[in-house]
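A.B. asks: What follows is the file upload.cif, containing mmCIF, C-alpha atoms:
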data_upload
#
loop_
_atom_site.group_PDB
_atom_site.id
_atom_site.type_symbol
_atom_site.label_atom_id
_atom_site.label_comp_id
_atom_site.auth_asym_id
_atom_site.auth_seq_id
_atom_site.Cartn_x
_atom_site.Cartn_y
_atom_site.Cartn_z
ATOM 1 C CA MET A 1 22.887 27.980 30.758
ATOM 2 C CA THR A 2 19.996 27.878 33.251
ATOM 3 C CA TYR A 3 20.113 24.960 35.655
ATOM 4 C CA TYR A 4 16.902 23.029 36.322
ATOM 5 C CA PRO A 5 16.585 20.059 38.654
ATOM 6 C CA GLU A 6 16.592 16.848 36.594
ATOM 7 C CA PRO A 7 12.813 16.084 36.874
ATOM 8 C CA VAL A 8 11.974 19.661 35.767
ATOM 9 C CA ALA A 9 14.389 19.480 32.820
ATOM 10 C CA ARG A 10 12.938 16.089 31.772
ATOM 11 C CA LEU A 11 9.373 17.438 31.820
ATOM 12 C CA ILE A 12 10.339 20.536 29.815
ATOM 13 C CA GLU A 13 12.067 18.308 27.254
ATOM 14 C CA ALA A 14 9.052 15.947 27.090
ATOM 15 C CA LEU A 15 6.573 18.808 26.620
ATOM 16 C CA GLN A 16 8.658 20.236 23.758
ATOM 17 C CA ARG A 17 7.942 17.073 21.761
ATOM 18 C CA LEU A 18 4.265 18.069 21.552
ATOM 19 C CA PRO A 19 3.238 19.858 18.339
ATOM 20 C CA GLY A 20 3.351 23.647 18.579
ATOM 21 C CA ILE A 21 5.181 23.658 21.932
ATOM 22 C CA GLY A 22 8.527 25.438 21.965
ATOM 23 C CA PRO A 23 11.042 25.772 24.823
ATOM 24 C CA LYS A 24 9.334 28.812 26.406
ATOM 25 C CA SER A 25 5.849 27.248 26.302
ATOM 26 C CA ALA A 26 7.230 23.995 27.741
ATOM 27 C CA GLN A 27 8.841 25.942 30.604
ATOM 28 C CA ARG A 28 5.594 27.849 31.318
ATOM 29 C CA MET A 29 3.597 24.593 31.351
ATOM 30 C CA THR A 30 6.113 22.902 33.625
ATOM 31 C CA PHE A 31 6.071 25.726 36.189
ATOM 32 C CA PHE A 32 2.268 25.919 35.949
ATOM 33 C CA LEU A 33 2.087 22.189 36.788
ATOM 34 C CA LEU A 34 4.510 22.649 39.700
ATOM 35 C CA LYS A 35 2.037 25.110 41.265
ATOM 36 C CA ARG A 36 -0.997 22.821 40.876
ATOM 37 C CA PRO A 37 -2.146 20.352 43.571
ATOM 38 C CA ILE A 38 -0.692 16.842 43.273
ATOM 39 C CA GLU A 39 -4.195 15.373 42.682
ATOM 40 C CA GLU A 40 -4.668 17.557 39.605
ATOM 41 C CA VAL A 41 -1.276 16.585 38.173
ATOM 42 C CA ARG A 42 -1.915 12.894 38.943
ATOM 43 C CA GLU A 43 -5.271 13.112 37.119
ATOM 44 C CA LEU A 44 -3.515 14.569 34.065
ATOM 45 C CA SER A 45 -0.874 11.837 34.228
ATOM 46 C CA GLU A 46 -3.493 9.070 34.542
ATOM 47 C CA SER A 47 -5.500 10.554 31.637
ATOM 48 C CA LEU A 48 -2.425 10.455 29.406
ATOM 49 C CA VAL A 49 -1.737 6.809 30.255
ATOM 50 C CA ALA A 50 -5.422 5.837 29.885
ATOM 51 C CA VAL A 51 -5.665 7.359 26.413
ATOM 52 C CA LYS A 52 -2.726 5.209 25.259
ATOM 53 C CA GLU A 53 -4.043 2.039 26.957
ATOM 54 C CA GLN A 54 -7.757 2.295 26.160
ATOM 55 C CA ILE A 55 -8.033 4.029 22.784
ATOM 56 C CA VAL A 56 -7.739 1.965 19.607
ATOM 57 C CA SER A 57 -8.274 2.576 15.915
ATOM 58 C CA CYS A 58 -11.622 1.397 14.525
ATOM 59 C CA GLY A 59 -10.965 -1.516 12.176
ATOM 60 C CA THR A 60 -13.596 -0.206 9.744
ATOM 61 C CA CYS A 61 -13.199 3.579 9.508
ATOM 62 C CA PHE A 62 -9.897 4.133 11.430
ATOM 63 C CA ASN A 63 -11.410 6.673 13.811
ATOM 64 C CA VAL A 64 -10.188 6.683 17.426
ATOM 65 C CA THR A 65 -12.472 4.648 19.667
ATOM 66 C CA GLU A 66 -12.782 2.657 22.891
ATOM 67 C CA GLN A 67 -14.493 -0.212 21.066
ATOM 68 C CA ASP A 68 -14.101 -1.810 17.650
ATOM 69 C CA PRO A 69 -16.131 -1.075 15.581
ATOM 70 C CA CYS A 70 -16.662 2.505 16.744
ATOM 71 C CA ARG A 71 -20.128 3.781 17.666
ATOM 72 C CA ILE A 72 -20.583 5.444 14.241
ATOM 73 C CA CYS A 73 -19.756 2.277 12.277
ATOM 74 C CA ALA A 74 -21.947 0.214 14.630
ATOM 75 C CA ASP A 75 -24.957 2.558 14.363
ATOM 76 C CA PRO A 76 -27.637 0.892 12.171
ATOM 77 C CA ALA A 77 -29.444 4.245 11.712
ATOM 78 C CA ARG A 78 -26.541 5.707 9.686
ATOM 79 C CA ASP A 79 -26.746 5.693 5.893
ATOM 80 C CA ARG A 80 -24.275 3.087 4.598
ATOM 81 C CA ARG A 81 -24.606 4.431 1.035
ATOM 82 C CA LEU A 82 -22.767 7.641 2.030
ATOM 83 C CA LEU A 83 -19.045 7.606 2.801
ATOM 84 C CA CYS A 84 -17.228 10.777 3.862
ATOM 85 C CA ILE A 85 -13.434 10.691 3.603
ATOM 86 C CA VAL A 86 -11.491 12.834 6.068
ATOM 87 C CA GLU A 87 -7.787 13.174 6.841
ATOM 88 C CA GLU A 88 -7.734 12.822 10.646
ATOM 89 C CA PRO A 89 -10.062 11.803 13.510
ATOM 90 C CA ASN A 90 -10.481 15.465 14.586
ATOM 91 C CA ASP A 91 -11.832 16.233 11.074
ATOM 92 C CA LEU A 92 -14.466 13.540 11.614
ATOM 93 C CA LEU A 93 -15.418 15.159 14.935
ATOM 94 C CA ALA A 94 -15.761 18.543 13.206
ATOM 95 C CA MET A 95 -18.137 16.995 10.654
ATOM 96 C CA GLU A 96 -20.143 15.297 13.401
ATOM 97 C CA ARG A 97 -20.528 18.579 15.313
ATOM 98 C CA THR A 98 -22.485 20.024 12.395
ATOM 99 C CA GLY A 99 -25.252 17.456 12.958
ATOM 100 C CA GLU A 100 -25.857 17.536 9.184
ATOM 101 C CA TYR A 101 -24.159 14.327 8.067
ATOM 102 C CA ARG A 102 -25.679 10.913 8.816
ATOM 103 C CA GLY A 103 -23.501 8.612 6.704
ATOM 104 C CA HIS A 104 -20.288 6.717 7.442
ATOM 105 C CA TYR A 105 -16.663 7.871 7.451
ATOM 106 C CA HIS A 106 -13.225 6.759 6.371
ATOM 107 C CA VAL A 107 -10.220 8.351 8.114
ATOM 108 C CA LEU A 108 -7.132 8.385 5.888
ATOM 109 C CA GLN A 109 -4.750 9.042 8.806
ATOM 110 C CA GLY A 110 -3.079 11.887 6.922
ATOM 111 C CA ALA A 111 -2.805 13.463 3.473
ATOM 112 C CA LEU A 112 -0.513 13.051 0.488
ATOM 113 C CA SER A 113 2.653 15.078 0.956
ATOM 114 C CA PRO A 114 5.535 14.138 -1.358
ATOM 115 C CA LEU A 115 7.817 16.697 0.327
ATOM 116 C CA ASP A 116 7.346 14.853 3.635
ATOM 117 C CA GLY A 117 7.611 11.447 1.953
ATOM 118 C CA ILE A 118 3.919 10.607 2.496
ATOM 119 C CA GLY A 119 2.455 8.670 -0.429
ATOM 120 C CA PRO A 120 -0.771 6.674 -0.934
ATOM 121 C CA GLU A 121 0.802 3.594 0.700
ATOM 122 C CA ASP A 122 1.188 5.593 3.944
ATOM 123 C CA LEU A 123 -2.550 6.372 4.091
ATOM 124 C CA LYS A 124 -5.573 4.099 4.518
ATOM 125 C CA VAL A 125 -6.241 4.047 0.743
ATOM 126 C CA ARG A 126 -5.985 0.263 0.298
ATOM 127 C CA GLU A 127 -8.506 -0.176 3.109
ATOM 128 C CA LEU A 128 -10.791 2.401 1.463
ATOM 129 C CA LEU A 129 -10.774 0.460 -1.803
ATOM 130 C CA ALA A 130 -11.560 -2.759 0.070
ATOM 131 C CA ARG A 131 -14.507 -1.045 1.797
ATOM 132 C CA LEU A 132 -15.908 0.209 -1.487
ATOM 133 C CA GLU A 133 -15.568 -3.259 -2.993
ATOM 134 C CA ALA A 134 -17.421 -4.870 -0.080
ATOM 135 C CA ASN A 135 -20.203 -2.280 0.337
ATOM 136 C CA ALA A 136 -22.779 -0.656 -1.931
ATOM 137 C CA VAL A 137 -21.668 2.975 -1.573
ATOM 138 C CA ALA A 138 -23.650 5.443 -3.717
ATOM 139 C CA GLU A 139 -21.637 8.599 -2.917
ATOM 140 C CA VAL A 140 -18.133 9.288 -1.671
ATOM 141 C CA ILE A 141 -17.667 12.787 -0.203
ATOM 142 C CA LEU A 142 -14.088 14.030 -0.214
ATOM 143 C CA ALA A 143 -13.711 16.221 2.878
ATOM 144 C CA THR A 144 -9.949 16.706 2.918
ATOM 145 C CA ASN A 145 -8.534 20.035 4.061
ATOM 146 C CA PRO A 146 -8.485 22.972 1.599
ATOM 147 C CA ASN A 147 -4.684 23.187 1.501
ATOM 148 C CA VAL A 148 -2.105 21.903 -0.998
ATOM 149 C CA GLU A 149 -1.886 18.440 0.582
ATOM 150 C CA GLY A 150 -5.659 18.120 0.988
ATOM 151 C CA GLU A 151 -6.322 19.192 -2.612
ATOM 152 C CA ALA A 152 -3.701 16.747 -3.934
ATOM 153 C CA THR A 153 -5.252 13.957 -1.866
ATOM 154 C CA ALA A 154 -8.773 14.787 -3.098
ATOM 155 C CA LEU A 155 -7.648 14.830 -6.749
ATOM 156 C CA TYR A 156 -5.783 11.538 -6.355
ATOM 157 C CA LEU A 157 -8.780 9.857 -4.694
ATOM 158 C CA ALA A 158 -11.264 11.250 -7.231
ATOM 159 C CA LYS A 159 -9.263 9.740 -10.127
ATOM 160 C CA LEU A 160 -8.948 6.462 -8.251
ATOM 161 C CA LEU A 161 -12.611 6.197 -7.181
ATOM 162 C CA ARG A 162 -14.574 7.430 -10.217
ATOM 163 C CA PRO A 163 -14.057 4.218 -12.242
ATOM 164 C CA LEU A 164 -15.423 2.180 -9.305
ATOM 165 C CA GLY A 165 -18.929 3.575 -9.760
ATOM 166 C CA PRO A 166 -19.932 5.754 -6.806
ATOM 167 C CA ARG A 167 -20.655 9.443 -7.252
ATOM 168 C CA VAL A 168 -17.555 11.337 -6.064
ATOM 169 C CA THR A 169 -18.136 14.816 -4.605
ATOM 170 C CA ARG A 170 -15.988 17.409 -2.827
ATOM 171 C CA ILE A 171 -17.174 19.561 0.072
ATOM 172 C CA ALA A 172 -17.682 23.205 -0.899
ATOM 173 C CA ARG A 173 -15.129 25.738 0.219
ATOM 174 C CA GLY A 174 -15.474 29.444 0.579
ATOM 175 C CA LEU A 175 -15.977 32.296 2.987
ATOM 176 C CA PRO A 176 -16.469 31.627 6.687
ATOM 177 C CA VAL A 177 -19.613 32.968 8.315
ATOM 178 C CA GLY A 178 -18.804 36.413 9.683
ATOM 179 C CA GLY A 179 -15.835 36.862 7.326
ATOM 180 C CA ASP A 180 -15.283 40.036 5.305
ATOM 181 C CA LEU A 181 -14.733 39.908 1.537
ATOM 182 C CA GLU A 182 -11.888 42.399 1.724
ATOM 183 C CA TYR A 183 -9.827 40.018 3.899
ATOM 184 C CA ALA A 184 -10.434 36.887 1.819
ATOM 185 C CA ASP A 185 -7.657 35.611 -0.431
ATOM 186 C CA GLN A 186 -8.182 35.016 -4.159
ATOM 187 C CA VAL A 187 -8.403 31.221 -3.877
ATOM 188 C CA THR A 188 -11.065 31.424 -1.152
ATOM 189 C CA LEU A 189 -13.105 33.911 -3.165
ATOM 190 C CA SER A 190 -12.866 31.877 -6.376
ATOM 191 C CA LYS A 191 -13.907 28.705 -4.501
ATOM 192 C CA ALA A 192 -16.802 30.614 -2.915
ATOM 193 C CA LEU A 193 -17.937 31.670 -6.389
ATOM 194 C CA GLU A 194 -17.570 28.111 -7.727
ATOM 195 C CA GLY A 195 -19.607 26.682 -4.862
ATOM 196 C CA ARG A 196 -22.435 29.227 -5.137
ATOM 197 C CA ARG A 197 -25.992 27.972 -5.231
ATOM 198 C CA GLU A 198 -29.408 29.352 -5.867
ATOM 199 C CA ILE A 199 -31.189 31.116 -3.011
ATOM 200 C CA SER A 200 -34.543 29.517 -2.331
#
Taking this structure as input, can you express it in the form of structure tokens?
C.D. replies:
Amino acid sequence: MTYYPEPVARLIEALQRLPGIGPKSAQRMTFFLLKRPIEEVRELSESLVAVKEQIVSCGTCFNVTEQDPCRICADPARDRRLLCIVEEPNDLLAMERTGEYRGHYHVLQGALSPLDGIGPEDLKVRELLARLEANAVAEVILATNPNVEGEATALYLAKLLRPLGPRVTRIARGLPVGGDLEYADQVTLSKALEGRREIS
């Protein structure tokens, strides 16, 4: 077994707890950090602590924010009649980067996954229902991921929300720009066909 000084071993072990980081990647990161100037490593350390101390969950949409409510929920120019439901805060950021959507959001903080023991009570579904009760929402856009968990979540929410009155829609799925038909799987192609629209 390779011997590492205790601080090095602790850092390698800590880095392995991050998603997608295995033992080899953790070792590479540790030795990379050992070569960097102390100021750079201190800045990284302070950034990690600051993110835990200063970032909170918005009490309205459950996005990550420095202030509650977040800037999106507090923006009077946004259309309160539109509510886009996403799984995680990074999904919200992806939607915002398009510059196309000007409504509000609701972050579920995950997706239904019975195999992992994640049910509706583990997501922000109760809070979603309370929001819909308190606000005049005309359309709910389900923007969960196009995987098994995301589809199950969208179907569950659609059944739950339709009786409440708002129009319930699902984002279109299909081929990425620059993708080749020959490399697309059957589900992607069938969804691309389903979501087709007239060329104007």
A.B. asks: Measuring atom to atom with only C-alpha atoms, identify which of A:Leu132, A:Ala9, A:Leu123, A:Val56 is nearest to A:Gln109.
C.D. replies: A:Leu123
A.B. asks: Skipping near chain neighbours, those fewer than 4 positions away, what residues fall within 8 Å of A:Asp68 using only C-alpha atoms, listed as JSON, numbers by chain?
C.D. replies: {"A": [56, 57, 58, 59]}
A.B. asks: Given the PyMOL selection byres ((chain A and resi 136) around 9) and the file above, list the residues it selects as JSON, numbers by chain.
C.D. replies: {"A": [80, 81, 132, 133, 134, 135, 137, 138, 166]}
A.B. asks: For A:Val125, which residue among A:His106, A:Arg36, A:Lys24, A:Arg97 is the nearest when counting only C-alpha atoms?
C.D. replies: A:His106
A.B. asks: Restricting the calculation to only C-alpha atoms: of A:Thr60, A:Val148, A:Gln27, A:Glu46, which residue gets closest to A:Glu127?
C.D. replies: A:Thr60
A.B. asks: On this structure, which residues satisfy the PyMOL selection byres ((chain A and resi 74) around 12), written as an MDAnalysis selection string?
C.D. replies: chainID A and resid 58:61 65 67:73 75:80 103:105
A.B. asks: On this structure, which residues satisfy the PyMOL selection byres ((chain A and resi 175) around 9), written as a tab-separated table (two decimals) with C-alpha atoms, keeping the file's coordinate frame?
C.D. replies:
chain	number	residue	atom	x	y	z
A	173	ARG	CA	-15.13	25.74	0.22
A	174	GLY	CA	-15.47	29.44	0.58
A	176	PRO	CA	-16.47	31.63	6.69
A	177	VAL	CA	-19.61	32.97	8.32
A	178	GLY	CA	-18.80	36.41	9.68
A	179	GLY	CA	-15.84	36.86	7.33
A	180	ASP	CA	-15.28	40.04	5.30
A	181	LEU	CA	-14.73	39.91	1.54
A	184	ALA	CA	-10.43	36.89	1.82
A	188	THR	CA	-11.06	31.42	-1.15
A	189	LEU	CA	-13.10	33.91	-3.16
A	191	LYS	CA	-13.91	28.70	-4.50
A	192	ALA	CA	-16.80	30.61	-2.92
A.B. asks: In Å to one decimal, how far is atom CA of A:Asn90 from atom CA of A:Val64?
C.D. replies: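 According to the coordinates, atom CA of A:Val64 and atom CA of A:Asn90 are separated by 9.2 Å.
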